[in-house]
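A short worksheet on the structure shown next.
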Amino acid sequence: MRGAKEKIRVRLAPSPTGAFHFGTARTALFNWLFARQHTGTFVVRMEDTDAARSKPEYEDNLMQGLSWLGLSWDEGPDWKDEKGKRHREKGKHGPYRQSERKKKYRMYLRALLESHNAYVCYCTKEEIEAQRESMLAEGLPPRYNGHCRALESPPEGRAPQAIRFRTPEIRVEFRDLIRGNVSFDAALFGDFIIAKGEDSPLYNFAVVVDDELMSITHVIRGEDHLPNTPKQILLQSALKFRELAYAHVPLILGSDRSKLSKRYAETSLLAYREKGFLPDAMVNFLALLGWHPKDNREILSREELVSAFDLKRIQKSGAIFDGEKLEWMNAERLHAMSDAAILEAMLENPEFEKRIREMRVEKARLLKILSVEKQRMKTLADFFELASFFVELPGYESALLLWQKDPRKKTAAILKELLVILEMNAATAPCDRAALEKALAPITKREGNGSVLWPLRVALSGKAASPDPYEIIGVLGCAESAARVRLAIEKLEKIA
RNA sequence: GCCGCUAUCGUCUAGUCUGGCCUAGGACACAGCGUUCUCAACGCUGGAACACCGGUUCGAAUCCGGUUAGCGGUACCA
């Protein structure tokens, strides 16, 4: 065990080379849960040593996604939110962008060179490539042949190409918190390149330096990094750095069982916000993808997740992303929310806020619509489709008004009776469900529910499927309802 | 090719460490039924899995070995 007093520090170290996707989000969540559970520190560090592929907009997208999910970080780089507002860097271990830490890497690179744990390689890319192919052809693991390993002085007329680590031919063993003991034969990967030059360090080296300098204690990252771990451990020991605890979480797979990657456009996290998913549902869903509490609970709040979370209970195999379960989970949460809370959640999203404004419906009415349609919503975005008929009656065929084989004449006559009641209630009597049910009782008793309620409901909604007529009237009011029924009667009589 | 990781219903998983309580539990999805003017919600019911072969044992989903399959890595990407 590590010292009890040592404060836990974890980090999310994404490379900003694409939109924030599910895999990164889940890794972020596991780090966040672990940090919060142990009152530790959650650090975000941008691994942007690949200048050609890294883009500031991807960085912002990532930070925006984290912030939307509510995975608050304690230390991290500056960033820009969607409204263009700049947020300052947080933490005392900065900068939190590898491209801004070159001075630090240079120092350790020199130390490694001086201690002969690293050496300058003069072999060109082409030479290495040719060598690689011939090794592959022989069925050998491709690795550097150590040509420049023992060079005493720079060879005549050749320029330095890269800096390599002098890999000892040993077996590297480590304990993974999720997988148990794992071991790799270092001889198989040979002298790997740790920097292109003093000012351009490569991933495996930069990570090691930063984790040390940032006092990271636990590395929780994707399983795709498992083969990098022995390289990093070797580097740590050459630099006399602390040892770290590792936890490699399984990958999130696409429906074809392959690693979820950027080519899945739909896996960009912010796209799910636009589809109307709630951050709490996303977090809950992501947590259950590869992890499960000891009991059978599936719907868990953030607090419950934090207290129940356990690295040891993380699954060892990859999990396929199931959008249907996400929808169910989102619906579960939505249905448990108050109408006001749902409206508030919609207003927080700039796109939804705009669409609500365009509906030109006052707040009290929006809340009423919400209370009626909530059960039918799986996502926030569903609201607009479901609510539209309240705002404007859609066009419909008069035949839709007919219940089963009811003739037009009969239906028109019933609607006329209903119209009288609605008009009366609009003028004098109460227009609530109880009053209306009582007033309609003799008619439904005489004609049967279907012959009365179906045409009424269609007249009010213009749709084959909708909430029941009393609920619709509750939103519309008796006057507007009467108007819609009048229109239905006209439709029926026009053709008859 | 080589190295590594993994393997329970279609999917997410419980159970595996500490073998018997497992004729393998839950959830999503699916089907049927109920409720019902419709849809949704809700309730009930159902089908659905221990990858394969061998070993250890009185007894294996669970331990061991092998096979197969999937995934990841094999970069002067991260």
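Within each chain, counting starts at residue 1; across the structure tokens, chains are named A, B, ... in the order shown, with ligands numbered 1 upward in that order.
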Dump as CSV the rows for residues of chain A within 7 Å of chain B: closest atom pair and distance in Å with one decimal, only C-alpha atoms (C1' of nucleotides) counted, ordered by chain and rising residue number.
residue,atom,partner,partner_atom,distance
A:Ser15,CA,B:A78,C1',6.1
A:Leu136,CA,B:G1,C1',6.9
A:Gly139,CA,B:G1,C1',4.9
A:Leu140,CA,B:C2,C1',6.3
A:Pro141,CA,B:C2,C1',4.9
A:Ala162,CA,B:C76,C1',6.6
A:Lys196,CA,B:C76,C1',5.5
A:Tyr203,CA,B:A78,C1',6.3
A:Asp224,CA,B:G72,C1',5.4
A:Pro227,CA,B:G73,C1',5.9
A:Ser258,CA,B:C71,C1',6.8
A:Leu289,CA,B:C12,C1',6.4
A:Asn296,CA,B:G26,C1',6.1
A:Lys316,CA,B:U6,C1',6.7
A:Ser317,CA,B:U6,C1',5.2
A:Asp322,CA,B:U11,C1',6.4
A:Glu324,CA,B:C28,C1',6.9
A:Lys325,CA,B:C28,C1',4.9
A:Gln375,CA,B:A41,C1',5.7
A:Arg376,CA,B:A40,C1',4.8
A:Asn449,CA,B:C37,C1',5.7
A:Gly450,CA,B:C37,C1',4.1
A:Leu453,CA,B:C37,C1',5.0
A:Trp454,CA,B:C37,C1',4.5
A:Ala464,CA,B:U38,C1',6.0
A:Ala465,CA,B:C39,C1',4.3
A:Ser466,CA,B:C39,C1',5.3
A:Pro467,CA,B:C39,C1',6.9
Print the selection's residues with N, CA and C atoms to a file, as a compact mmCIF listing (two decimals), in the first residue's frame.
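For reference, again-v4.txt as written:
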# COMPACT_ATOMS: atom_id res chain seq x y z
N SER A 15 -5.25 13.76 -26.05
CA SER A 15 -4.56 14.54 -27.07
C SER A 15 -5.64 15.21 -27.89
N LEU A 136 10.20 -7.75 -40.45
CA LEU A 136 8.83 -8.22 -40.53
C LEU A 136 8.75 -9.42 -41.48
N GLY A 139 9.61 -12.54 -40.06
CA GLY A 139 8.74 -12.96 -38.98
C GLY A 139 9.23 -12.56 -37.61
N LEU A 140 10.14 -11.59 -37.57
CA LEU A 140 10.67 -11.12 -36.30
C LEU A 140 9.92 -9.87 -35.86
N PRO A 141 9.85 -9.61 -34.56
CA PRO A 141 9.23 -8.35 -34.13
C PRO A 141 10.08 -7.18 -34.60
N ALA A 162 17.22 11.47 -34.14
CA ALA A 162 16.29 11.29 -33.02
C ALA A 162 17.06 10.89 -31.77
N LYS A 196 12.21 13.62 -30.94
CA LYS A 196 12.74 13.83 -32.30
C LYS A 196 13.99 14.69 -32.21
N TYR A 203 5.47 11.26 -26.97
CA TYR A 203 4.50 10.85 -25.97
C TYR A 203 5.05 10.10 -24.75
N ASP A 224 -5.75 0.72 -24.43
CA ASP A 224 -4.85 0.85 -25.57
C ASP A 224 -3.46 1.32 -25.13
N PRO A 227 0.36 -1.46 -23.65
CA PRO A 227 1.71 -1.74 -24.16
C PRO A 227 2.70 -0.59 -23.97
N SER A 258 -15.15 -3.07 -32.71
CA SER A 258 -13.82 -2.47 -32.79
C SER A 258 -13.79 -1.20 -31.95
N LEU A 289 -21.05 1.39 -18.03
CA LEU A 289 -20.46 0.74 -19.19
C LEU A 289 -19.08 0.24 -18.75
N ASN A 296 -27.88 -4.41 -7.33
CA ASN A 296 -28.46 -4.37 -8.66
C ASN A 296 -28.93 -2.98 -9.11
N LYS A 316 -13.09 -6.34 -17.22
CA LYS A 316 -11.82 -6.47 -17.93
C LYS A 316 -11.99 -6.46 -19.44
N SER A 317 -13.17 -6.75 -19.91
CA SER A 317 -13.36 -6.80 -21.36
C SER A 317 -14.11 -5.57 -21.86
N ASP A 322 -24.48 0.93 -26.17
CA ASP A 322 -25.86 0.63 -26.54
C ASP A 322 -26.74 1.88 -26.37
N GLU A 324 -29.75 2.44 -27.04
CA GLU A 324 -31.11 2.26 -26.54
C GLU A 324 -31.18 2.28 -25.02
N LYS A 325 -30.15 1.73 -24.41
CA LYS A 325 -30.13 1.76 -22.96
C LYS A 325 -29.91 3.20 -22.45
N GLN A 375 -44.21 11.97 -19.97
CA GLN A 375 -44.08 10.50 -20.05
C GLN A 375 -43.71 10.01 -21.44
N ARG A 376 -44.00 10.84 -22.43
CA ARG A 376 -43.69 10.43 -23.80
C ARG A 376 -42.32 10.88 -24.27
N ASN A 449 -67.12 4.84 -25.10
CA ASN A 449 -65.95 5.73 -25.02
C ASN A 449 -65.32 6.01 -26.38
N GLY A 450 -65.14 4.96 -27.17
CA GLY A 450 -64.45 5.10 -28.45
C GLY A 450 -65.12 6.09 -29.38
N LEU A 453 -64.62 9.74 -27.36
CA LEU A 453 -63.29 10.25 -27.01
C LEU A 453 -62.33 10.26 -28.20
N TRP A 454 -62.44 9.27 -29.09
CA TRP A 454 -61.53 9.24 -30.23
C TRP A 454 -61.74 10.48 -31.13
N ALA A 464 -53.32 10.79 -34.65
CA ALA A 464 -53.83 9.46 -34.30
C ALA A 464 -53.39 9.06 -32.90
N ALA A 465 -52.23 9.57 -32.48
CA ALA A 465 -51.72 9.25 -31.15
C ALA A 465 -51.45 10.54 -30.39
N SER A 466 -51.97 10.61 -29.21
CA SER A 466 -51.76 11.82 -28.39
C SER A 466 -52.18 11.53 -26.97
N PRO A 467 -51.99 12.49 -26.06
CA PRO A 467 -52.53 12.33 -24.70
C PRO A 467 -54.05 12.29 -24.77
Between CA of Gly448 in chain A and CA of Lys374 in chain A, distance in Å (one decimal): 28.4 Å
Among A:Leu113, A:Ile356, A:Leu460, A:Leu269, Asn61 in chain A is approached most closely, using only C-alpha atoms, by A:Leu269
Find the residues near Asp185 in chain A: any atom within 12 Å, counting only C-alpha atoms (C1' of nucleotides), skip ones fewer than 4 places away on the same chain, and give them as JSON, numbers by chain. {"A": [141, 167, 168, 169, 170, 171, 172, 173, 174, 189, 190, 227, 229, 230, 231, 234], "B": [2, 3, 4]}
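Using only C-alpha atoms, the shortest contact distance between Val120 in chain A and any of A:Asn31, A:Asn181, A:Gln161, A:Ser67 is found at A:Gln161.
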I need the strand (DSSP E or B) residues of range 163-402 of chain A per DSSP on the backbone, written as a VMD selection string. chain A and resid 163 to 165 171 to 176 180 to 185 193 to 197 200 to 201 218 to 222 245 to 249 252 to 253 259 268 319 to 320
Give me the residues within 9 Å of Pro77 in chain A as a count of residues only, counting only C-alpha atoms (C1' of nucleotides) and dropping any in the same chain fewer than 5 places off. 12
Just how far from CA of Leu326 in chain A is CA of Pro16 in chain A, in Å to one decimal? 25.9 Å
Using backbone DSSP assignments, extract all alpha helix (DSSP H) residues from range 133-239 of chain A; output them as a list in words. Glu133, Ser134, Met135, Leu136, Ala137, Tyr203, Asn204, Phe205, Ala206, Val207, Val208, Val209, Asp210, Asp211, Glu212, Leu213, Thr229, Pro230, Lys231, Gln232, Ile233, Leu234, Leu235, Gln236, Ser237 and Ala238 of chain A
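Note that C1' of A61 in chain B and C1' of G20 in chain B are 12.8 Å apart.
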Leaving out Gln236 in chain A and any residue of its chain fewer than 4 positions from it, which residues lie within 12 Å of it when counting only C-alpha atoms (C1' of nucleotides), given as a PyMOL selection string? chain A and resi 108+112+117+165+204-213+229-232+240-244
Write out as an mmCIF file with N, CA and C atoms, in the first residue's frame each polymer residue whose atoms come within 12 Å of Leu419 in chain A, counting only C-alpha atoms (C1' of nucleotides); drop sequence neighbours fewer than 6 positions from it.
data_model
loop_
_atom_site.group_PDB
_atom_site.id
_atom_site.type_symbol
_atom_site.label_atom_id
_atom_site.label_comp_id
_atom_site.auth_asym_id
_atom_site.auth_seq_id
_atom_site.Cartn_x
_atom_site.Cartn_y
_atom_site.Cartn_z
ATOM 1 N N ALA A 412 -70.321 13.436 -36.383
ATOM 2 C CA ALA A 412 -70.596 14.875 -36.410
ATOM 3 C C ALA A 412 -71.617 15.244 -35.342
ATOM 4 N N ALA A 413 -72.616 14.401 -35.188
ATOM 5 C CA ALA A 413 -73.654 14.673 -34.192
ATOM 6 C C ALA A 413 -73.078 14.652 -32.777
ATOM 7 N N ASN A 425 -68.974 25.441 -20.968
ATOM 8 C CA ASN A 425 -67.945 25.473 -19.936
ATOM 9 C C ASN A 425 -66.964 26.617 -20.151
ATOM 10 N N ALA A 426 -66.746 26.956 -21.416
ATOM 11 C CA ALA A 426 -65.846 28.074 -21.701
ATOM 12 C C ALA A 426 -66.435 29.354 -21.143
ATOM 13 N N LEU A 436 -65.636 18.191 -16.750
ATOM 14 C CA LEU A 436 -65.866 17.707 -18.111
ATOM 15 C C LEU A 436 -66.254 16.235 -18.128
ATOM 16 N N ALA A 439 -69.748 16.039 -17.230
ATOM 17 C CA ALA A 439 -70.623 16.538 -18.293
ATOM 18 C C ALA A 439 -70.699 15.563 -19.461
ATOM 19 N N LEU A 440 -69.590 14.870 -19.759
ATOM 20 C CA LEU A 440 -69.568 13.952 -20.901
ATOM 21 C C LEU A 440 -70.122 12.570 -20.566
ATOM 22 N N VAL A 452 -66.853 8.580 -28.737
ATOM 23 C CA VAL A 452 -66.860 9.949 -28.238
ATOM 24 C C VAL A 452 -65.435 10.496 -28.088
ATOM 25 N N PRO A 455 -62.963 10.728 -31.601
ATOM 26 C CA PRO A 455 -63.123 11.914 -32.453
ATOM 27 C C PRO A 455 -62.771 13.210 -31.723
ATOM 28 N N LEU A 456 -63.101 13.272 -30.455
ATOM 29 C CA LEU A 456 -62.779 14.480 -29.694
ATOM 30 C C LEU A 456 -61.257 14.679 -29.652
ATOM 31 N N ALA A 459 -59.946 15.699 -32.995
ATOM 32 C CA ALA A 459 -60.321 17.088 -33.268
ATOM 33 C C ALA A 459 -59.376 18.039 -32.541
ATOM 34 N N LEU A 460 -58.991 17.674 -31.340
ATOM 35 C CA LEU A 460 -58.143 18.549 -30.527
ATOM 36 C C LEU A 460 -56.671 18.497 -30.924
ATOM 37 N N CYS A 478 -61.174 25.610 -22.631
ATOM 38 C CA CYS A 478 -62.403 25.207 -23.293
ATOM 39 C C CYS A 478 -62.691 26.011 -24.554
ATOM 40 N N ALA A 479 -62.293 27.266 -24.565
ATOM 41 C CA ALA A 479 -62.579 28.106 -25.729
ATOM 42 C C ALA A 479 -61.824 27.611 -26.961
ATOM 43 N N GLU A 480 -60.526 27.438 -26.833
ATOM 44 C CA GLU A 480 -59.719 26.954 -27.958
ATOM 45 C C GLU A 480 -60.164 25.544 -28.351
ATOM 46 N N SER A 481 -60.502 24.733 -27.370
ATOM 47 C CA SER A 481 -60.949 23.375 -27.652
ATOM 48 C C SER A 481 -62.230 23.409 -28.470
ATOM 49 N N ALA A 482 -63.137 24.285 -28.090
ATOM 50 C CA ALA A 482 -64.406 24.416 -28.809
ATOM 51 C C ALA A 482 -64.137 24.802 -30.263
ATOM 52 N N ALA A 483 -63.200 25.696 -30.462
ATOM 53 C CA ALA A 483 -62.866 26.136 -31.817
ATOM 54 C C ALA A 483 -62.371 24.968 -32.660
ATOM 55 N N ARG A 484 -61.553 24.115 -32.034
ATOM 56 C CA ARG A 484 -61.000 22.980 -32.778
ATOM 57 C C ARG A 484 -62.086 21.957 -33.107
ATOM 58 N N VAL A 485 -63.033 21.804 -32.176
ATOM 59 C CA VAL A 485 -64.125 20.864 -32.410
ATOM 60 C C VAL A 485 -65.034 21.399 -33.535
ATOM 61 N N ARG A 486 -65.240 22.695 -33.533
ATOM 62 C CA ARG A 486 -66.057 23.319 -34.581
ATOM 63 C C ARG A 486 -65.424 23.041 -35.947
ATOM 64 N N LEU A 487 -64.137 23.171 -35.995
ATOM 65 C CA LEU A 487 -63.429 22.927 -37.255
ATOM 66 C C LEU A 487 -63.607 21.470 -37.697
ATOM 67 N N ALA A 488 -63.584 20.578 -36.737
ATOM 68 C CA ALA A 488 -63.744 19.158 -37.052
ATOM 69 C C ALA A 488 -65.131 18.894 -37.624
ATOM 70 N N ILE A 489 -66.136 19.534 -37.047
ATOM 71 C CA ILE A 489 -67.510 19.353 -37.537
ATOM 72 C C ILE A 489 -67.613 19.849 -38.975
#
Proximity to Arg360 in chain A - best of A:Ala308, A:Asp382, A:Arg313, A:Ser388, only C-alpha atoms: A:Ser388
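Comparing the minimum interatomic distances between Ser200 in chain A and each of A:His38, A:Lys410, A:Arg86, A:Arg106, counting only C-alpha atoms, we find that A:Arg106 sits nearest.
Nearest residue to Glu327 in chain A among A:Ser183, A:Gln98, A:Asn284, A:Asn349 is A:Asn284, counting only C-alpha atoms.
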Please list as a PyMOL selection string every residue within 12 Å of G54 in chain B, counting only C-alpha atoms (C1' of nucleotides) and excluding residues in the same chain fewer than 4 positions away. chain B and resi 64-67
